[in-house]
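Participant: Just protein-v8.cif, nothing more (mmCIF, N, CA and C atoms):
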```
data_input
loop_
_atom_site.label_atom_id
_atom_site.label_comp_id
_atom_site.auth_asym_id
_atom_site.auth_seq_id
_atom_site.Cartn_x
_atom_site.Cartn_y
_atom_site.Cartn_z
N MET A 26 28.13 147.33 127.43
CA MET A 26 28.89 146.28 126.79
C MET A 26 29.58 145.45 127.88
N THR A 27 29.54 144.14 127.74
CA THR A 27 30.14 143.27 128.74
C THR A 27 31.35 142.56 128.18
N SER A 28 32.23 142.14 129.07
CA SER A 28 33.42 141.38 128.66
C SER A 28 33.04 139.93 128.41
N PHE A 29 33.69 139.32 127.45
CA PHE A 29 33.44 137.91 127.15
C PHE A 29 34.27 137.06 128.09
N MET A 30 33.63 136.10 128.73
CA MET A 30 34.33 135.15 129.60
C MET A 30 34.04 133.75 129.07
N ALA A 31 35.09 133.06 128.69
CA ALA A 31 34.92 131.71 128.16
C ALA A 31 34.55 130.75 129.28
N ASN A 32 33.80 129.71 128.93
CA ASN A 32 33.53 128.61 129.84
C ASN A 32 33.55 127.31 129.05
N ALA A 33 33.36 126.20 129.72
CA ALA A 33 33.51 124.89 129.07
C ALA A 33 32.55 124.69 127.91
N SER A 34 31.41 125.33 127.92
CA SER A 34 30.42 125.10 126.87
C SER A 34 30.73 125.83 125.57
N ASN A 35 31.50 126.92 125.60
CA ASN A 35 31.73 127.68 124.37
C ASN A 35 33.18 127.69 123.92
N ILE A 36 33.94 126.67 124.27
CA ILE A 36 35.35 126.58 123.84
C ILE A 36 35.44 125.62 122.66
N GLU A 37 36.08 126.08 121.59
CA GLU A 37 36.35 125.23 120.43
C GLU A 37 37.83 124.89 120.43
N ARG A 38 38.10 123.60 120.48
CA ARG A 38 39.50 123.16 120.50
C ARG A 38 39.92 122.68 119.11
N LYS A 39 41.16 123.01 118.76
CA LYS A 39 41.75 122.55 117.51
C LYS A 39 42.95 121.69 117.83
N TRP A 40 43.38 120.92 116.85
CA TRP A 40 44.57 120.09 116.97
C TRP A 40 45.64 120.65 116.04
N TYR A 41 46.85 120.81 116.55
CA TYR A 41 47.97 121.31 115.76
C TYR A 41 49.08 120.27 115.72
N LEU A 42 49.76 120.20 114.59
CA LEU A 42 50.89 119.29 114.40
C LEU A 42 52.14 120.13 114.24
N VAL A 43 53.16 119.83 115.05
CA VAL A 43 54.42 120.57 115.03
C VAL A 43 55.54 119.58 114.74
N ASP A 44 56.37 119.89 113.75
CA ASP A 44 57.54 119.07 113.44
C ASP A 44 58.74 119.70 114.14
N ALA A 45 59.36 118.95 115.06
CA ALA A 45 60.46 119.48 115.87
C ALA A 45 61.82 119.34 115.20
N GLU A 46 61.87 118.80 114.01
CA GLU A 46 63.16 118.56 113.35
C GLU A 46 63.90 119.87 113.09
N GLY A 47 65.11 119.97 113.66
CA GLY A 47 65.96 121.14 113.45
C GLY A 47 65.57 122.37 114.26
N LYS A 48 64.57 122.29 115.11
CA LYS A 48 64.12 123.44 115.89
C LYS A 48 64.91 123.52 117.20
N THR A 49 65.05 124.73 117.72
CA THR A 49 65.72 124.95 118.99
C THR A 49 64.72 124.66 120.12
N LEU A 50 65.19 123.96 121.14
CA LEU A 50 64.31 123.46 122.19
C LEU A 50 63.52 124.55 122.91
N GLY A 51 64.17 125.56 123.41
CA GLY A 51 63.49 126.59 124.20
C GLY A 51 62.51 127.42 123.39
N ARG A 52 62.90 127.78 122.18
CA ARG A 52 62.02 128.59 121.33
C ARG A 52 60.77 127.80 120.93
N LEU A 53 60.95 126.52 120.64
CA LEU A 53 59.82 125.67 120.29
C LEU A 53 58.90 125.48 121.50
N ALA A 54 59.49 125.26 122.68
CA ALA A 54 58.71 125.03 123.89
C ALA A 54 57.87 126.25 124.25
N SER A 55 58.39 127.44 124.07
CA SER A 55 57.63 128.64 124.43
C SER A 55 56.44 128.83 123.50
N GLU A 56 56.59 128.51 122.22
CA GLU A 56 55.46 128.61 121.29
C GLU A 56 54.39 127.56 121.60
N ILE A 57 54.84 126.35 121.94
CA ILE A 57 53.90 125.29 122.29
C ILE A 57 53.13 125.66 123.56
N ALA A 58 53.82 126.24 124.54
CA ALA A 58 53.16 126.65 125.78
C ALA A 58 52.10 127.72 125.52
N MET A 59 52.36 128.62 124.57
CA MET A 59 51.38 129.65 124.23
C MET A 59 50.11 129.01 123.66
N ILE A 60 50.28 128.00 122.81
CA ILE A 60 49.12 127.33 122.20
C ILE A 60 48.35 126.55 123.26
N LEU A 61 49.06 125.83 124.14
CA LEU A 61 48.40 125.04 125.18
C LEU A 61 47.64 125.92 126.16
N ASN A 62 48.16 127.10 126.45
CA ASN A 62 47.49 128.03 127.36
C ASN A 62 46.31 128.73 126.71
N GLY A 63 46.27 128.77 125.38
CA GLY A 63 45.18 129.44 124.68
C GLY A 63 45.43 130.91 124.47
N LYS A 64 46.66 131.36 124.62
CA LYS A 64 46.96 132.78 124.51
C LYS A 64 46.99 133.28 123.07
N ARG A 65 46.91 132.39 122.12
CA ARG A 65 46.84 132.80 120.72
C ARG A 65 45.41 133.04 120.26
N LYS A 66 44.45 132.82 121.14
CA LYS A 66 43.03 132.98 120.80
C LYS A 66 42.51 134.32 121.35
N PRO A 67 41.58 134.93 120.63
CA PRO A 67 40.98 136.16 121.17
C PRO A 67 40.05 135.91 122.35
N THR A 68 39.67 134.66 122.56
CA THR A 68 38.76 134.31 123.65
C THR A 68 39.50 133.83 124.89
N TYR A 69 40.78 134.15 125.02
CA TYR A 69 41.58 133.70 126.15
C TYR A 69 40.98 134.19 127.47
N THR A 70 40.82 133.26 128.40
CA THR A 70 40.35 133.58 129.74
C THR A 70 41.30 132.91 130.73
N PRO A 71 41.91 133.66 131.65
CA PRO A 71 42.96 133.09 132.49
C PRO A 71 42.55 131.92 133.37
N HIS A 72 41.30 131.90 133.85
CA HIS A 72 40.91 130.87 134.81
C HIS A 72 40.21 129.68 134.15
N VAL A 73 40.23 129.61 132.79
CA VAL A 73 39.59 128.52 132.06
C VAL A 73 40.60 127.89 131.12
N ASP A 74 40.56 126.57 131.00
CA ASP A 74 41.43 125.88 130.04
C ASP A 74 40.84 126.04 128.64
N CYS A 75 41.32 127.02 127.90
CA CYS A 75 40.77 127.28 126.57
C CYS A 75 41.82 127.03 125.49
N GLY A 76 42.88 126.29 125.81
CA GLY A 76 43.94 126.02 124.85
C GLY A 76 43.60 124.89 123.90
N ASP A 77 44.50 124.68 122.94
CA ASP A 77 44.34 123.66 121.92
C ASP A 77 45.29 122.50 122.17
N TYR A 78 45.07 121.41 121.43
CA TYR A 78 45.94 120.25 121.50
C TYR A 78 47.14 120.45 120.59
N VAL A 79 48.30 119.93 121.01
CA VAL A 79 49.52 120.03 120.21
C VAL A 79 50.15 118.64 120.11
N VAL A 80 50.41 118.20 118.88
CA VAL A 80 51.09 116.93 118.62
C VAL A 80 52.46 117.28 118.06
N VAL A 81 53.51 116.82 118.73
CA VAL A 81 54.88 117.09 118.31
C VAL A 81 55.47 115.80 117.77
N ILE A 82 56.01 115.86 116.55
CA ILE A 82 56.66 114.69 115.95
C ILE A 82 58.15 114.97 115.77
N ASN A 83 58.92 113.93 115.55
CA ASN A 83 60.38 114.01 115.38
C ASN A 83 61.05 114.65 116.59
N ALA A 84 60.66 114.24 117.78
CA ALA A 84 61.19 114.82 119.01
C ALA A 84 62.68 114.53 119.18
N GLU A 85 63.15 113.44 118.60
CA GLU A 85 64.56 113.08 118.77
C GLU A 85 65.49 113.96 117.94
N LYS A 86 64.94 114.77 117.02
CA LYS A 86 65.76 115.61 116.14
C LYS A 86 65.80 117.06 116.60
N ILE A 87 65.42 117.32 117.85
CA ILE A 87 65.49 118.66 118.41
C ILE A 87 66.95 119.04 118.62
N LYS A 88 67.26 120.32 118.56
CA LYS A 88 68.63 120.73 118.79
C LYS A 88 68.68 121.77 119.91
N ILE A 89 69.83 121.86 120.54
CA ILE A 89 70.06 122.89 121.54
C ILE A 89 71.34 123.62 121.14
N THR A 90 71.44 124.86 121.52
CA THR A 90 72.54 125.70 121.06
C THR A 90 73.70 125.69 122.05
N GLY A 91 74.85 126.10 121.57
CA GLY A 91 76.02 126.21 122.42
C GLY A 91 76.53 124.86 122.89
N GLY A 92 77.16 124.85 124.06
CA GLY A 92 77.72 123.62 124.63
C GLY A 92 76.78 122.95 125.60
N LYS A 93 75.49 123.28 125.52
CA LYS A 93 74.55 122.74 126.50
C LYS A 93 74.37 121.23 126.37
N GLY A 94 74.70 120.65 125.23
CA GLY A 94 74.56 119.21 125.06
C GLY A 94 75.44 118.44 126.01
N SER A 95 76.61 118.99 126.32
CA SER A 95 77.52 118.31 127.24
C SER A 95 77.44 118.88 128.65
N GLU A 96 76.99 120.13 128.80
CA GLU A 96 76.97 120.78 130.12
C GLU A 96 75.67 120.55 130.88
N TYR A 97 74.54 120.49 130.20
CA TYR A 97 73.25 120.43 130.86
C TYR A 97 73.01 119.07 131.48
N THR A 98 72.57 119.05 132.74
CA THR A 98 72.15 117.82 133.39
C THR A 98 70.77 118.03 133.98
N HIS A 99 69.90 117.05 133.80
CA HIS A 99 68.56 117.11 134.37
C HIS A 99 68.61 116.47 135.74
N ILE A 100 68.14 117.20 136.75
CA ILE A 100 68.15 116.72 138.13
C ILE A 100 66.71 116.45 138.54
N TYR A 101 66.47 115.28 139.11
CA TYR A 101 65.15 114.93 139.59
C TYR A 101 65.28 114.13 140.88
N HIS A 102 64.18 113.91 141.56
CA HIS A 102 64.18 113.19 142.82
C HIS A 102 63.16 112.07 142.76
N THR A 103 63.53 110.91 143.25
CA THR A 103 62.65 109.75 143.18
C THR A 103 61.56 109.77 144.23
N GLY A 104 61.73 110.58 145.27
CA GLY A 104 60.76 110.62 146.35
C GLY A 104 61.21 109.84 147.57
N TYR A 105 62.28 109.09 147.46
CA TYR A 105 62.82 108.33 148.57
C TYR A 105 64.01 109.07 149.17
N PRO A 106 64.35 108.80 150.43
CA PRO A 106 65.52 109.45 151.03
C PRO A 106 66.78 109.13 150.23
N GLY A 107 67.54 110.15 149.92
CA GLY A 107 68.76 109.97 149.13
C GLY A 107 68.46 109.69 147.67
N GLY A 108 67.29 110.06 147.20
CA GLY A 108 66.86 109.70 145.85
C GLY A 108 67.12 110.76 144.80
N ARG A 109 68.09 111.64 145.01
CA ARG A 109 68.41 112.66 144.01
C ARG A 109 69.19 112.01 142.87
N ARG A 110 68.75 112.24 141.65
CA ARG A 110 69.40 111.64 140.48
C ARG A 110 69.74 112.72 139.47
N GLU A 111 70.78 112.49 138.73
CA GLU A 111 71.20 113.39 137.65
C GLU A 111 71.36 112.57 136.39
N ILE A 112 71.00 113.18 135.25
CA ILE A 112 71.20 112.53 133.97
C ILE A 112 71.60 113.61 132.97
N SER A 113 72.64 113.34 132.18
CA SER A 113 73.10 114.34 131.22
C SER A 113 72.12 114.43 130.05
N PHE A 114 72.19 115.53 129.32
CA PHE A 114 71.26 115.74 128.21
C PHE A 114 71.44 114.66 127.14
N LYS A 115 72.69 114.28 126.88
CA LYS A 115 72.95 113.24 125.88
C LYS A 115 72.31 111.91 126.28
N ASP A 116 72.49 111.53 127.54
CA ASP A 116 71.90 110.29 128.04
C ASP A 116 70.38 110.36 128.07
N LEU A 117 69.85 111.54 128.41
CA LEU A 117 68.40 111.73 128.43
C LEU A 117 67.81 111.56 127.04
N MET A 118 68.48 112.12 126.04
CA MET A 118 68.01 111.99 124.65
C MET A 118 68.09 110.54 124.18
N ALA A 119 69.10 109.81 124.63
CA ALA A 119 69.24 108.42 124.23
C ALA A 119 68.20 107.53 124.91
N LYS A 120 67.90 107.81 126.18
CA LYS A 120 66.98 106.97 126.94
C LYS A 120 65.52 107.36 126.74
N HIS A 121 65.21 108.65 126.82
CA HIS A 121 63.83 109.16 126.70
C HIS A 121 63.84 110.39 125.79
N PRO A 122 63.80 110.23 124.47
CA PRO A 122 63.91 111.39 123.58
C PRO A 122 62.74 112.38 123.63
N THR A 123 61.62 111.99 124.23
CA THR A 123 60.49 112.92 124.30
C THR A 123 60.55 113.80 125.56
N TRP A 124 61.31 113.42 126.55
CA TRP A 124 61.34 114.14 127.82
C TRP A 124 61.82 115.59 127.71
N PRO A 125 62.88 115.91 126.96
CA PRO A 125 63.33 117.31 126.94
C PRO A 125 62.24 118.29 126.51
N ILE A 126 61.44 117.92 125.52
CA ILE A 126 60.36 118.81 125.08
C ILE A 126 59.29 118.89 126.16
N GLN A 127 58.92 117.76 126.74
CA GLN A 127 57.89 117.76 127.78
C GLN A 127 58.33 118.57 129.00
N LEU A 128 59.58 118.42 129.41
CA LEU A 128 60.07 119.14 130.58
C LEU A 128 60.18 120.63 130.31
N ALA A 129 60.62 121.01 129.10
CA ALA A 129 60.74 122.43 128.77
C ALA A 129 59.37 123.10 128.73
N VAL A 130 58.38 122.43 128.16
CA VAL A 130 57.03 123.00 128.10
C VAL A 130 56.43 123.04 129.50
N LYS A 131 56.65 122.00 130.29
CA LYS A 131 56.12 121.96 131.65
C LYS A 131 56.63 123.13 132.48
N GLY A 132 57.89 123.49 132.31
CA GLY A 132 58.46 124.61 133.05
C GLY A 132 57.86 125.95 132.66
N MET A 133 57.26 126.03 131.47
CA MET A 133 56.68 127.28 130.98
C MET A 133 55.17 127.36 131.22
N MET A 134 54.59 126.33 131.77
CA MET A 134 53.15 126.30 132.03
C MET A 134 52.87 126.83 133.44
N PRO A 135 51.64 127.29 133.68
CA PRO A 135 51.29 127.73 135.04
C PRO A 135 51.37 126.57 136.03
N LYS A 136 51.78 126.89 137.23
CA LYS A 136 51.89 125.86 138.26
C LYS A 136 50.52 125.70 138.93
N GLY A 137 50.11 124.49 139.17
CA GLY A 137 48.84 124.24 139.83
C GLY A 137 47.96 123.30 139.03
N LYS A 138 46.73 123.16 139.48
CA LYS A 138 45.79 122.21 138.90
C LYS A 138 45.46 122.52 137.44
N LEU A 139 45.26 123.80 137.14
CA LEU A 139 44.91 124.18 135.77
C LEU A 139 46.08 123.97 134.81
N GLY A 140 47.30 124.24 135.28
CA GLY A 140 48.48 124.02 134.45
C GLY A 140 48.68 122.55 134.12
N ARG A 141 48.44 121.68 135.09
CA ARG A 141 48.58 120.24 134.84
C ARG A 141 47.51 119.75 133.87
N GLN A 142 46.32 120.33 133.97
CA GLN A 142 45.25 119.97 133.05
C GLN A 142 45.59 120.40 131.62
N LYS A 143 46.18 121.58 131.46
CA LYS A 143 46.57 122.08 130.15
C LYS A 143 47.69 121.25 129.55
N LEU A 144 48.61 120.79 130.40
CA LEU A 144 49.76 120.02 129.93
C LEU A 144 49.37 118.66 129.37
N LYS A 145 48.21 118.14 129.75
CA LYS A 145 47.75 116.85 129.24
C LYS A 145 47.39 116.91 127.76
N LYS A 146 47.26 118.12 127.21
CA LYS A 146 46.93 118.26 125.79
C LYS A 146 48.17 118.26 124.90
N LEU A 147 49.34 118.04 125.49
CA LEU A 147 50.59 117.94 124.73
C LEU A 147 50.89 116.47 124.46
N LYS A 148 51.09 116.13 123.19
CA LYS A 148 51.41 114.76 122.78
C LYS A 148 52.73 114.81 122.02
N VAL A 149 53.76 114.11 122.52
CA VAL A 149 55.09 114.14 121.92
C VAL A 149 55.46 112.74 121.45
N TYR A 150 55.96 112.63 120.20
CA TYR A 150 56.28 111.33 119.63
C TYR A 150 57.64 111.35 118.95
N VAL A 151 58.30 110.19 119.00
CA VAL A 151 59.56 109.99 118.30
C VAL A 151 59.22 109.53 116.89
N GLY A 152 59.86 110.13 115.90
CA GLY A 152 59.59 109.76 114.52
C GLY A 152 58.43 110.55 113.94
N PRO A 153 58.18 110.36 112.63
CA PRO A 153 57.14 111.14 111.96
C PRO A 153 55.72 110.59 112.10
N GLU A 154 55.56 109.43 112.72
CA GLU A 154 54.24 108.83 112.85
C GLU A 154 53.60 109.20 114.19
N HIS A 155 52.27 109.35 114.19
CA HIS A 155 51.53 109.60 115.42
C HIS A 155 50.13 109.00 115.28
N PRO A 156 49.49 108.65 116.40
CA PRO A 156 48.17 108.00 116.33
C PRO A 156 46.98 108.95 116.30
N HIS A 157 47.20 110.23 115.99
CA HIS A 157 46.12 111.22 116.05
C HIS A 157 45.68 111.69 114.66
N THR A 158 45.78 110.83 113.66
CA THR A 158 45.38 111.23 112.32
C THR A 158 43.87 111.43 112.21
N ALA A 159 43.09 110.76 113.04
CA ALA A 159 41.64 110.90 113.01
C ALA A 159 41.19 112.30 113.43
N GLN A 160 42.01 112.98 114.25
CA GLN A 160 41.67 114.33 114.69
C GLN A 160 42.03 115.39 113.64
N MET A 161 42.68 114.97 112.56
CA MET A 161 43.10 115.84 111.46
C MET A 161 43.84 117.09 111.98
N PRO A 162 45.03 116.90 112.60
CA PRO A 162 45.74 118.06 113.12
C PRO A 162 46.22 118.97 111.98
N GLU A 163 46.15 120.24 112.24
CA GLU A 163 46.58 121.26 111.27
C GLU A 163 48.07 121.51 111.49
N LYS A 164 48.86 121.35 110.43
CA LYS A 164 50.30 121.53 110.55
C LYS A 164 50.62 123.02 110.62
N ILE A 165 51.38 123.40 111.64
CA ILE A 165 51.80 124.80 111.76
C ILE A 165 53.31 124.87 111.82
N GLU A 166 53.86 125.95 111.34
CA GLU A 166 55.30 126.18 111.34
C GLU A 166 55.61 127.18 112.42
N LEU A 167 56.42 126.78 113.40
CA LEU A 167 56.78 127.67 114.50
C LEU A 167 58.20 128.17 114.35
#
```
Can you give me the file's structure in the form of structure tokens?

Facilitator:
Amino acid sequence: MTSFMANASNIERKWYLVDAEGKTLGRLASEIAMILNGKRKPTYTPHVDCGDYVVVINAEKIKITGGKGSEYTHIYHTGYPGGRREISFKDLMAKHPTWPIQLAVKGMMPKGKLGRQKLKKLKVYVGPEHPHTAQMPEKIEL
């Protein structure tokens, strides 16, 4: 008996729709990362991108627990000397409401070329509308 190893020719991808309204950021991000990595499938293979697509709607209605709304600051660098920038969570949600979900999921994905490839299957939108109705995403409750 041999072990099954997935490859590009025998992977079936599905589309999932996740409503982020009222969900906690970290718990939602960890479930999304599991789907993107393909770890919910019995055909999971570590060195192959066998994950599914995830469409997240209502990203602006995500919640975080405790006092993190006022305490948390996102730190990033522009790439130029002296280019370190900080932005509070409140300002981040006002300016780019999809970023907190994208950044949380990105932190939970594998680092490297395969992780970046898997992260491209995450689609995050503000509001209940999305342009992926033709793919008929299956709504799941996380």

Participant: With only C-alpha atoms as the counted atoms, please give the residues lying no more than 10 Å from Thr68 (chain A), apart from itself and same-chain residues fewer than 3 positions off, as a PyMOL selection string.

Facilitator: chain A and resi 29-32+35-37+63-65+71+75-76

Participant: Using all atoms listed in the file, can you tell me which of A:Val79, A:Ile112, A:Leu167, A:Leu42 comes closest to Lys145 (chain A)?

Facilitator: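 Using all atoms listed in the file, Lys145 (chain A) sits closest to A:Val79.
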
Participant: I'd like the interatomic distance between CA of Asp74 (chain A) and CA of Gly132 (chain A), to a tenth of an Å.

Facilitator: 17.3 Å

Participant: Give me, please, the distance in Å between CA of Leu144 (chain A) and CA of Ser28 (chain A), quoted to one decimal.

Facilitator: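 Interatomic distance, CA of Leu144 (chain A) to CA of Ser28 (chain A): 26.9 Å.
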
Participant: Can you tell me, as a PDB file with N, CA and C atoms, in the coordinates of the input, what residues are no more than 10 Å from region 150-164 of chain A when counting only C-alpha atoms, ignoring any on the same chain fewer than 3 positions away?

Facilitator:
```
ATOM      1  N   LYS A  39      41.160 123.010 118.760  1.00  0.00           N
ATOM      2  CA  LYS A  39      41.750 122.550 117.510  1.00  0.00           C
ATOM      3  C   LYS A  39      42.950 121.690 117.830  1.00  0.00           C
ATOM      4  N   TRP A  40      43.380 120.920 116.850  1.00  0.00           N
ATOM      5  CA  TRP A  40      44.570 120.090 116.970  1.00  0.00           C
ATOM      6  C   TRP A  40      45.640 120.650 116.040  1.00  0.00           C
ATOM      7  N   TYR A  41      46.850 120.810 116.550  1.00  0.00           N
ATOM      8  CA  TYR A  41      47.970 121.310 115.760  1.00  0.00           C
ATOM      9  C   TYR A  41      49.080 120.270 115.720  1.00  0.00           C
ATOM     10  N   LEU A  42      49.760 120.200 114.590  1.00  0.00           N
ATOM     11  CA  LEU A  42      50.890 119.290 114.400  1.00  0.00           C
ATOM     12  C   LEU A  42      52.140 120.130 114.240  1.00  0.00           C
ATOM     13  N   VAL A  43      53.160 119.830 115.050  1.00  0.00           N
ATOM     14  CA  VAL A  43      54.420 120.570 115.030  1.00  0.00           C
ATOM     15  C   VAL A  43      55.540 119.580 114.740  1.00  0.00           C
ATOM     16  N   ASP A  44      56.370 119.890 113.750  1.00  0.00           N
ATOM     17  CA  ASP A  44      57.540 119.070 113.440  1.00  0.00           C
ATOM     18  C   ASP A  44      58.740 119.700 114.140  1.00  0.00           C
ATOM     19  N   ALA A  45      59.360 118.950 115.060  1.00  0.00           N
ATOM     20  CA  ALA A  45      60.460 119.480 115.870  1.00  0.00           C
ATOM     21  C   ALA A  45      61.820 119.340 115.200  1.00  0.00           C
ATOM     22  N   GLU A  46      61.870 118.800 114.010  1.00  0.00           N
ATOM     23  CA  GLU A  46      63.160 118.560 113.350  1.00  0.00           C
ATOM     24  C   GLU A  46      63.900 119.870 113.090  1.00  0.00           C
ATOM     25  N   TYR A  78      45.070 121.410 121.430  1.00  0.00           N
ATOM     26  CA  TYR A  78      45.940 120.250 121.500  1.00  0.00           C
ATOM     27  C   TYR A  78      47.140 120.450 120.590  1.00  0.00           C
ATOM     28  N   VAL A  79      48.300 119.930 121.010  1.00  0.00           N
ATOM     29  CA  VAL A  79      49.520 120.030 120.210  1.00  0.00           C
ATOM     30  C   VAL A  79      50.150 118.640 120.110  1.00  0.00           C
ATOM     31  N   VAL A  80      50.410 118.200 118.880  1.00  0.00           N
ATOM     32  CA  VAL A  80      51.090 116.930 118.620  1.00  0.00           C
ATOM     33  C   VAL A  80      52.460 117.280 118.060  1.00  0.00           C
ATOM     34  N   VAL A  81      53.510 116.820 118.730  1.00  0.00           N
ATOM     35  CA  VAL A  81      54.880 117.090 118.310  1.00  0.00           C
ATOM     36  C   VAL A  81      55.470 115.800 117.770  1.00  0.00           C
ATOM     37  N   ILE A  82      56.010 115.860 116.550  1.00  0.00           N
ATOM     38  CA  ILE A  82      56.660 114.690 115.950  1.00  0.00           C
ATOM     39  C   ILE A  82      58.150 114.970 115.770  1.00  0.00           C
ATOM     40  N   ASN A  83      58.920 113.930 115.550  1.00  0.00           N
ATOM     41  CA  ASN A  83      60.380 114.010 115.380  1.00  0.00           C
ATOM     42  C   ASN A  83      61.050 114.650 116.590  1.00  0.00           C
ATOM     43  N   ALA A  84      60.660 114.240 117.780  1.00  0.00           N
ATOM     44  CA  ALA A  84      61.190 114.820 119.010  1.00  0.00           C
ATOM     45  C   ALA A  84      62.680 114.530 119.180  1.00  0.00           C
ATOM     46  N   GLU A  85      63.150 113.440 118.600  1.00  0.00           N
ATOM     47  CA  GLU A  85      64.560 113.080 118.770  1.00  0.00           C
ATOM     48  C   GLU A  85      65.490 113.960 117.940  1.00  0.00           C
ATOM     49  N   LYS A  86      64.940 114.770 117.020  1.00  0.00           N
ATOM     50  CA  LYS A  86      65.760 115.610 116.140  1.00  0.00           C
ATOM     51  C   LYS A  86      65.800 117.060 116.600  1.00  0.00           C
ATOM     52  N   HIS A 121      65.210 108.650 126.820  1.00  0.00           N
ATOM     53  CA  HIS A 121      63.830 109.160 126.700  1.00  0.00           C
ATOM     54  C   HIS A 121      63.840 110.390 125.790  1.00  0.00           C
ATOM     55  N   PRO A 122      63.800 110.230 124.470  1.00  0.00           N
ATOM     56  CA  PRO A 122      63.910 111.390 123.580  1.00  0.00           C
ATOM     57  C   PRO A 122      62.740 112.380 123.630  1.00  0.00           C
ATOM     58  N   THR A 123      61.620 111.990 124.230  1.00  0.00           N
ATOM     59  CA  THR A 123      60.490 112.920 124.300  1.00  0.00           C
ATOM     60  C   THR A 123      60.550 113.800 125.560  1.00  0.00           C
ATOM     61  N   LEU A 167      56.420 126.780 113.400  1.00  0.00           N
ATOM     62  CA  LEU A 167      56.780 127.670 114.500  1.00  0.00           C
ATOM     63  C   LEU A 167      58.200 128.170 114.350  1.00  0.00           C
TER      64      LEU A 167
END
```

Participant: When you draw a straight line from CA of Ala54 (chain A) to CA of Leu147 (chain A), how long is it in Å?

Facilitator: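 Between CA of Ala54 (chain A) and CA of Leu147 (chain A) the gap works out to 10.8 Å.
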
Participant: Mind listing as an NGL selection string all residues within 6.5 Å of (63.8, 121.4, 126.2), counting all atoms listed in the file?

Facilitator: :A and (50-51 or 124-130)

Participant: Find the residues around Lys48 (chain A) up to 7 Å (all atoms listed in the file counted), leave out those fewer than 4 positions away in its own chain, and share them as a PDB file with N, CA and C atoms, keeping the file's coordinate frame.

Facilitator:
```pdb
ATOM      1  N   ASP A  44      56.370 119.890 113.750  1.00  0.00           N
ATOM      2  CA  ASP A  44      57.540 119.070 113.440  1.00  0.00           C
ATOM      3  C   ASP A  44      58.740 119.700 114.140  1.00  0.00           C
ATOM      4  N   ARG A  52      62.900 127.780 122.180  1.00  0.00           N
ATOM      5  CA  ARG A  52      62.020 128.590 121.330  1.00  0.00           C
ATOM      6  C   ARG A  52      60.770 127.800 120.930  1.00  0.00           C
ATOM      7  N   LEU A  53      60.950 126.520 120.640  1.00  0.00           N
ATOM      8  CA  LEU A  53      59.820 125.670 120.290  1.00  0.00           C
ATOM      9  C   LEU A  53      58.900 125.480 121.500  1.00  0.00           C
ATOM     10  N   LYS A  86      64.940 114.770 117.020  1.00  0.00           N
ATOM     11  CA  LYS A  86      65.760 115.610 116.140  1.00  0.00           C
ATOM     12  C   LYS A  86      65.800 117.060 116.600  1.00  0.00           C
ATOM     13  N   ILE A  87      65.420 117.320 117.850  1.00  0.00           N
ATOM     14  CA  ILE A  87      65.490 118.660 118.410  1.00  0.00           C
ATOM     15  C   ILE A  87      66.950 119.040 118.620  1.00  0.00           C
ATOM     16  N   LYS A  88      67.260 120.320 118.560  1.00  0.00           N
ATOM     17  CA  LYS A  88      68.630 120.730 118.790  1.00  0.00           C
ATOM     18  C   LYS A  88      68.680 121.770 119.910  1.00  0.00           C
ATOM     19  N   ILE A  89      69.830 121.860 120.540  1.00  0.00           N
ATOM     20  CA  ILE A  89      70.060 122.890 121.540  1.00  0.00           C
ATOM     21  C   ILE A  89      71.340 123.620 121.140  1.00  0.00           C
TER      22      ILE A  89
END
```

Participant: Where in chain A does DSSP assign helix (DSSP H, G or I), given as a PyMOL selection string?

Facilitator: chain A and resi 33-35+50-62+84-86+93-96+114-120+124-133+138-144+158-160

Participant: Which residues in region 27-167 of chain A does DSSP call strand (DSSP E)? List them as a list in words.

Facilitator: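 Written out, the strand (DSSP E) residues of region 27-167 of chain A are Trp40, Tyr41, Leu42, Val43, Asp44, Tyr78, Val79, Val80, Val81, Ile82, Thr98, His99, Ile100, Tyr101, His102, Arg109, Arg110, Glu111, Ile112, Ser113, Leu147, Lys148, Val149, Glu163 and Lys164 of chain A.
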
Participant: Which residue out of A:Thr90, A:Thr49, A:Ser34, A:Asn62 has the minimum interatomic distance to Arg141 (chain A) when only C-alpha atoms are used?

Facilitator: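 Of A:Thr90, A:Thr49, A:Ser34, A:Asn62, the one nearest Arg141 (chain A), counting only C-alpha atoms, is A:Asn62.
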
Participant: Which residues are near Gly94 (chain A)? Cut-off 7 Å, all atoms listed in the file, ignore same chain within fewer than 5 positions. Put them as a list in words.

Facilitator: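 So, after excluding close chain neighbours, the residues are Ile89, Ser113, Phe114 and Lys115 of chain A.
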